[in-house]
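Undergrad: Below is the file upload-v9.txt, with compact mmCIF, C-alpha atoms and all ligand atoms.
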```txt
# COMPACT_ATOMS: atom_id res chain seq x y z
CA MET A 192 132.24 143.50 37.73
CA PRO A 193 129.05 144.64 39.56
CA ALA A 194 129.35 144.97 43.33
CA SER A 195 126.75 142.21 43.79
CA SER A 196 128.77 139.64 41.83
CA LEU A 197 130.75 136.84 43.42
CA GLN A 198 132.61 136.16 40.19
CA HIS A 199 135.96 136.70 41.95
CA LEU A 200 135.18 133.73 44.21
CA ILE A 201 134.15 131.56 41.26
CA ASN A 202 137.41 132.51 39.52
CA ALA A 203 139.40 131.67 42.63
CA ASN A 204 137.62 128.32 42.87
CA HIS A 205 138.45 127.42 39.29
CA ALA A 206 142.08 128.41 39.77
CA TRP A 207 142.25 126.29 42.94
CA ALA A 208 140.65 123.25 41.28
CA GLU A 209 143.04 123.48 38.34
CA ARG A 210 146.05 123.82 40.65
CA VAL A 211 145.02 120.79 42.72
CA GLU A 212 144.41 118.69 39.62
CA ARG A 213 147.76 119.78 38.17
CA GLU A 214 149.62 118.84 41.36
CA GLN A 215 147.63 115.64 42.03
CA PRO A 216 146.20 114.30 38.75
CA GLY A 217 142.94 112.39 39.34
CA PHE A 218 142.40 113.95 42.78
CA PHE A 219 138.77 114.96 42.26
CA LYS A 220 137.83 111.77 40.40
CA THR A 221 139.08 109.69 43.33
CA LEU A 222 137.43 111.99 45.87
CA ALA A 223 134.08 111.93 44.06
CA ALA A 224 134.02 108.13 44.17
CA GLN A 225 134.25 107.88 47.97
CA GLN A 226 135.07 109.63 51.25
CA THR A 227 136.80 107.80 54.05
CA PRO A 228 137.58 110.40 56.69
CA GLU A 229 138.93 109.21 60.01
CA TYR A 230 137.92 112.38 61.82
CA LEU A 231 134.76 114.26 62.71
CA TRP A 232 135.42 117.89 63.65
CA ILE A 233 132.75 119.62 65.74
CA GLY A 234 133.72 123.26 65.94
CA CYS A 235 132.52 126.85 66.04
CA SER A 236 131.09 128.57 62.95
CA ASP A 237 133.64 131.38 63.44
CA SER A 238 135.22 132.18 60.07
CA ARG A 239 138.68 132.22 61.66
CA VAL A 240 138.55 128.53 62.60
CA PRO A 241 138.45 126.53 59.34
CA ALA A 242 138.64 122.82 60.16
CA ASN A 243 140.73 121.48 57.29
CA GLN A 244 143.34 124.23 57.27
CA VAL A 245 143.86 124.18 61.03
CA ILE A 246 144.91 120.54 61.04
CA GLY A 247 146.46 120.53 57.58
CA LEU A 248 144.03 118.07 56.00
CA ALA A 249 142.85 117.94 52.40
CA PRO A 250 139.23 117.62 51.22
CA GLY A 251 137.97 114.13 52.01
CA GLU A 252 139.97 113.76 55.23
CA VAL A 253 137.73 115.35 57.85
CA PHE A 254 133.93 115.34 58.26
CA VAL A 255 132.76 118.64 59.71
CA HIS A 256 129.94 120.03 61.83
CA ARG A 257 130.00 123.64 62.96
CA ASN A 258 127.62 125.85 64.92
CA VAL A 259 127.82 128.91 67.12
CA ALA A 260 130.11 128.13 70.08
CA ASN A 261 130.55 124.42 69.18
CA VAL A 262 127.62 123.21 71.25
CA VAL A 263 126.30 119.63 71.24
CA VAL A 264 122.94 119.04 72.90
CA PRO A 265 120.93 115.82 72.83
CA SER A 266 117.89 117.54 71.28
CA ASP A 267 119.80 118.89 68.26
CA LEU A 268 118.78 116.61 65.40
CA ASN A 269 121.26 118.32 63.09
CA ALA A 270 124.33 117.61 65.25
CA LEU A 271 123.09 114.10 66.11
CA SER A 272 122.56 113.28 62.45
CA VAL A 273 126.11 114.36 61.61
CA ILE A 274 127.53 112.29 64.48
CA GLN A 275 125.41 109.28 63.56
CA PHE A 276 126.44 109.37 59.91
CA ALA A 277 130.09 109.88 60.83
CA VAL A 278 130.12 107.03 63.36
CA ASP A 279 127.77 104.48 61.79
CA VAL A 280 128.38 105.00 58.08
CA LEU A 281 131.81 106.60 57.69
CA LYS A 282 133.21 104.80 60.75
CA VAL A 283 135.37 107.71 61.86
CA LYS A 284 137.85 106.80 64.59
CA HIS A 285 138.08 110.21 66.24
CA ILE A 286 135.65 113.01 67.07
CA MET A 287 137.22 116.26 68.15
CA VAL A 288 135.15 119.00 69.78
CA VAL A 289 137.10 122.16 69.08
CA GLY A 290 136.44 125.34 71.00
CA HIS A 291 138.50 128.45 70.41
CA TYR A 292 139.82 131.26 72.55
CA GLY A 293 138.07 134.58 72.01
CA CYS A 294 134.84 132.83 70.92
CA GLY A 295 132.21 135.55 70.45
CA GLY A 296 129.41 133.27 71.64
CA VAL A 297 131.23 132.28 74.82
CA LEU A 298 132.27 135.86 75.57
CA ALA A 299 128.71 137.14 75.08
CA VAL A 300 127.59 134.65 77.72
CA LEU A 301 130.40 135.50 80.09
CA HIS A 302 129.76 139.23 79.87
CA ASP A 303 125.94 138.98 79.77
CA GLN A 304 125.72 140.61 76.35
CA ARG A 305 122.61 140.20 74.22
CA VAL A 306 123.23 139.25 70.59
CA GLY A 307 119.67 138.40 69.47
CA LEU A 308 118.00 135.10 68.66
CA ALA A 309 121.32 133.32 69.23
CA ASP A 310 120.98 134.14 72.94
CA ASN A 311 118.59 131.20 73.15
CA TRP A 312 121.16 128.85 71.63
CA LEU A 313 123.85 130.28 73.89
CA ARG A 314 121.78 129.36 76.93
CA HIS A 315 123.60 126.04 76.68
CA VAL A 316 126.91 127.84 77.22
CA ASN A 317 125.31 129.80 80.03
CA ASP A 318 124.49 126.48 81.69
CA VAL A 319 128.22 125.66 81.61
CA LYS A 320 129.05 129.05 83.12
CA MET A 321 126.48 128.65 85.92
CA ARG A 322 127.44 125.09 86.68
CA HIS A 323 131.11 125.92 87.09
CA ARG A 324 130.85 129.50 88.35
CA GLY A 325 132.80 128.57 91.47
CA ARG A 326 135.76 127.76 89.20
CA LEU A 327 135.31 130.81 86.96
CA MET A 328 134.25 133.87 88.88
CA HIS A 329 137.44 134.30 90.89
CA LEU A 330 139.45 134.51 87.67
CA CYS A 331 139.92 137.84 85.96
CA GLY A 332 139.83 139.13 82.40
CA GLY A 333 141.44 136.92 79.81
CA GLU A 334 141.95 134.00 82.22
CA GLN A 335 138.24 133.80 82.85
CA GLU A 336 137.43 134.03 79.15
CA ASP A 337 139.94 131.34 78.22
CA ALA A 338 138.71 129.05 81.01
CA LEU A 339 135.07 129.22 79.88
CA CYS A 340 136.07 128.57 76.24
CA GLU A 341 137.94 125.46 77.42
CA MET A 342 135.24 124.30 79.88
CA ASN A 343 132.56 124.67 77.22
CA ALA A 344 134.51 122.34 74.92
CA ILE A 345 135.02 119.87 77.78
CA GLU A 346 131.28 119.82 78.53
CA GLN A 347 130.47 119.16 74.88
CA VAL A 348 132.93 116.24 74.80
CA GLY A 349 130.88 114.73 77.63
CA HIS A 350 127.65 115.30 75.69
CA VAL A 351 129.04 113.56 72.60
CA ALA A 352 130.31 110.63 74.69
CA GLN A 353 126.95 110.24 76.42
CA SER A 354 124.98 110.29 73.16
CA THR A 355 123.23 107.06 72.25
CA ILE A 356 125.23 106.98 69.02
CA VAL A 357 128.62 106.87 70.73
CA GLN A 358 127.39 104.63 73.56
CA ASP A 359 126.02 102.12 71.02
CA ALA A 360 129.25 102.23 68.99
CA TRP A 361 131.33 101.47 72.07
CA ALA A 362 128.89 98.71 73.11
CA ARG A 363 129.48 96.90 69.82
CA GLY A 364 133.24 97.28 70.17
CA GLN A 365 133.80 100.01 67.60
CA GLN A 366 137.06 101.92 68.04
CA LEU A 367 136.14 105.55 68.68
CA SER A 368 137.73 108.34 70.72
CA ILE A 369 136.26 111.74 71.61
CA HIS A 370 138.73 114.58 72.13
CA GLY A 371 138.46 118.15 73.44
CA TRP A 372 140.64 120.88 71.96
CA CYS A 373 140.82 124.65 72.10
CA TYR A 374 142.23 126.64 69.20
CA GLY A 375 144.21 129.85 69.60
CA LEU A 376 143.31 132.59 67.16
CA LYS A 377 146.48 134.49 68.08
CA ASP A 378 149.00 131.77 67.25
CA GLY A 379 147.03 129.21 65.24
CA LYS A 380 147.89 126.44 67.70
CA VAL A 381 145.52 123.84 69.12
CA LYS A 382 145.65 122.97 72.84
CA ASP A 383 144.66 119.43 73.82
CA LEU A 384 142.36 119.75 76.84
CA GLN A 385 143.27 116.24 78.04
CA VAL A 386 139.70 115.00 78.03
CA THR A 387 139.95 112.13 75.55
CA MET A 388 137.23 109.52 76.09
CA SER A 389 137.58 106.09 74.46
CA ARG A 390 135.53 103.80 76.71
CA PRO A 391 132.14 104.19 78.40
CA ASP A 392 133.49 103.31 81.85
CA HIS A 393 136.08 106.11 81.63
CA VAL A 394 133.75 108.95 80.70
CA VAL A 395 132.95 110.17 84.20
CA ASP A 396 136.51 109.90 85.51
CA VAL A 397 138.00 111.67 82.50
CA TYR A 398 135.39 114.43 82.72
CA ARG A 399 135.95 114.95 86.44
CA ALA A 400 139.73 115.08 86.07
CA ALA A 401 139.44 117.65 83.28
CA ILE A 402 137.09 119.95 85.23
CA LYS A 403 139.17 119.71 88.41
CA ARG A 404 142.09 121.34 86.58
CA TYR A 405 140.21 124.62 87.11
CA PRO A 406 140.49 125.25 90.86
CA ARG A 407 137.55 126.64 92.75
CA ALA A 408 137.87 129.87 94.70
CA ALA A 409 138.84 128.98 98.26
CA THR A 410 135.74 130.76 99.57
CA PHE A 411 133.25 129.03 97.26
CA VAL A 412 131.12 126.35 98.91
CA PRO A 413 129.16 124.33 96.33
CA GLU A 414 125.78 122.84 97.16
CA LEU A 415 126.46 119.94 94.81
CA ASP A 416 129.56 118.49 93.17
CA ASP A 417 129.84 120.21 89.80
CA THR A 418 132.09 117.45 88.48
CA ASP A 419 129.16 115.02 88.53
CA PRO A 420 128.10 114.86 84.85
CA GLN A 421 124.47 114.50 85.94
CA ALA A 422 124.60 117.34 88.47
CA ASP A 423 122.35 120.35 88.17
CA GLU A 424 123.82 123.80 88.28
CA VAL A 425 125.49 124.57 91.57
ZN ZN B 1 133.33 130.83 68.35
```
Translate this file's structure into structure tokens.
TA:
Amino acid sequence: MPASSLQHLINANHAWAERVEREQPGFFKTLAAQQTPEYLWIGCSDSRVPANQVIGLAPGEVFVHRNVANVVVPSDLNALSVIQFAVDVLKVKHIMVVGHYGCGGVLAVLHDQRVGLADNWLRHVNDVKMRHRGRLMHLCGGEQEDALCEMNAIEQVGHVAQSTIVQDAWARGQQLSIHGWCYGLKDGKVKDLQVTMSRPDHVVDVYRAAIKRYPRAATFVPELDDTDPQADEV
């Protein structure tokens, strides 16, 4: 096989498809006819965080959007389109924003490392770092890295909840919860960041409670309250 060939992957795919069909006859025929996932996973593109495997779901059970450092910003037509389709058409009941410990994008921001064009995308994570620096900079090493990975996921939960798509869904009474998780590469376990938002009038309180779990340094005096979702960097 020439070095440029991906035939080994094609072979593996055919073997997988045949095994699935053998174990669950009619699986692909049923799946091709419709998809009715209850979950939208918004996670990092990192190859070590595959959505379906992490939560033990088969094809057809989770709708997925991934980008570098699991960022959701209101100007990203790609992410918004995925959320809109998932909420309005598929009627998913849960959206989970899943960060992960040891995220290369988050660590590059934390340690001021340049990675290239992606630095511009990672500015959004830098905003999280700057906004909550009073809760981050007194931590050391791995604690600081883990905290920013978690806080970044928490911020993105807030962005999803404040999107017009989710706000409109809640306004018409649609059942929909937004969750924040962080996945551990070292043990394969997900940590629930306790930032689940299910109603518009709970968004601010849930966000504030989640951020306040990261204590500020005793010496840090903020100019503004960084648990205000509308606050500028402090
Ligand atoms: Zn990552």
Undergrad: Mind checking which residues fall within 12 Å of Ser354 in chain A, counting all atoms listed in the file, ignoring those fewer than 4 positions away in the same chain, and posting them as a short mmCIF file (atom, residue, chain, number, x, y, z; two decimals) with C-alpha atoms, keeping the file's coordinate frame?
TA:
```cif
data_model
loop_
_atom_site.label_atom_id
_atom_site.label_comp_id
_atom_site.auth_asym_id
_atom_site.auth_seq_id
_atom_site.Cartn_x
_atom_site.Cartn_y
_atom_site.Cartn_z
CA VAL A 263 126.30 119.63 71.24
CA VAL A 264 122.94 119.04 72.90
CA PRO A 265 120.93 115.82 72.83
CA SER A 266 117.89 117.54 71.28
CA ASP A 267 119.80 118.89 68.26
CA LEU A 268 118.78 116.61 65.40
CA ALA A 270 124.33 117.61 65.25
CA LEU A 271 123.09 114.10 66.11
CA SER A 272 122.56 113.28 62.45
CA ILE A 274 127.53 112.29 64.48
CA GLN A 275 125.41 109.28 63.56
CA VAL A 278 130.12 107.03 63.36
CA GLN A 347 130.47 119.16 74.88
CA VAL A 348 132.93 116.24 74.80
CA GLY A 349 130.88 114.73 77.63
CA HIS A 350 127.65 115.30 75.69
CA GLN A 358 127.39 104.63 73.56
CA ASP A 359 126.02 102.12 71.02
CA ALA A 360 129.25 102.23 68.99
CA TRP A 361 131.33 101.47 72.07
CA ILE A 369 136.26 111.74 71.61
CA PRO A 391 132.14 104.19 78.40
CA VAL A 394 133.75 108.95 80.70
#
```
Undergrad: Around ligand ZN 1 (chain B), at most 8 Å away and counting all atoms listed in the file, which residues are there? Put them as a compact mmCIF listing (two decimals) with C-alpha atoms, keeping the file's coordinate frame, please.
TA:
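Listed below is the output, selection_32.txt:
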```
# COMPACT_ATOMS: atom_id res chain seq x y z
CA GLY A 234 133.72 123.26 65.94
CA CYS A 235 132.52 126.85 66.04
CA SER A 236 131.09 128.57 62.95
CA ASP A 237 133.64 131.38 63.44
CA VAL A 259 127.82 128.91 67.12
CA ALA A 260 130.11 128.13 70.08
CA ASN A 261 130.55 124.42 69.18
CA GLY A 290 136.44 125.34 71.00
CA HIS A 291 138.50 128.45 70.41
CA TYR A 292 139.82 131.26 72.55
CA GLY A 293 138.07 134.58 72.01
CA CYS A 294 134.84 132.83 70.92
CA GLY A 295 132.21 135.55 70.45
CA GLY A 296 129.41 133.27 71.64
CA VAL A 297 131.23 132.28 74.82
```
Undergrad: Go through A:Gln353, A:Ala249, A:Arg407, A:Ser196 and flag the residue nearest Met388 in chain A, using only C-alpha atoms for the distances.
TA: A:Gln353
Undergrad: If I take CA of Gln215 in chain A and CA of Gln244 in chain A, how far is one from the other in Å, to one decimal?
TA: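 Here the two named atoms are 18.0 Å from each other.
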Undergrad: For each of A:Glu229, A:Glu212, A:Leu222, A:Phe276, take the minimum atom-to-atom distance to Pro250 in chain A, counting all atoms listed in the file, then give the residue where this is smallest.
TA: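 Among the listed residues, A:Leu222 lies closest to Pro250 in chain A.
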Undergrad: Identify which of the residues A:Lys403, A:His393, A:Asn258, A:Trp207 lies closest to Phe219 in chain A, counting only C-alpha atoms when measuring atom-to-atom distances.
TA: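 Closest to Phe219 in chain A, using only C-alpha atoms: A:Trp207.
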Undergrad: Which one is closest to Leu339 in chain A: A:Trp372, A:Gln304, A:Leu298, A:Gly379? Count all atoms listed in the file.
TA: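 Under the stated criterion, the closest residue is A:Leu298.
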Undergrad: Determine the nearest neighbour of Val289 in chain A from the options A:His205, A:Lys380, A:Arg305, A:Arg324, counting only C-alpha atoms.
TA: A:Lys380
Undergrad: Between A:Pro228, A:Pro420, A:Gly247, A:Pro216, which residue has the minimum interatomic distance to Ala400 in chain A, considering all atoms listed in the file?
TA: A:Pro420
Undergrad: Determine, counting all atoms listed in the file, which protein, DNA and RNA residues have an atom within 9 Å of an atom of Met342 in chain A; residues of the same chain fewer than 5 positions away are not included. Present the result as a list in words.
TA: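 The neighbour list is Val319, Lys320, His323, Asp337, Gln347, Leu384, Ala401, Ile402 and Tyr405 of chain A.
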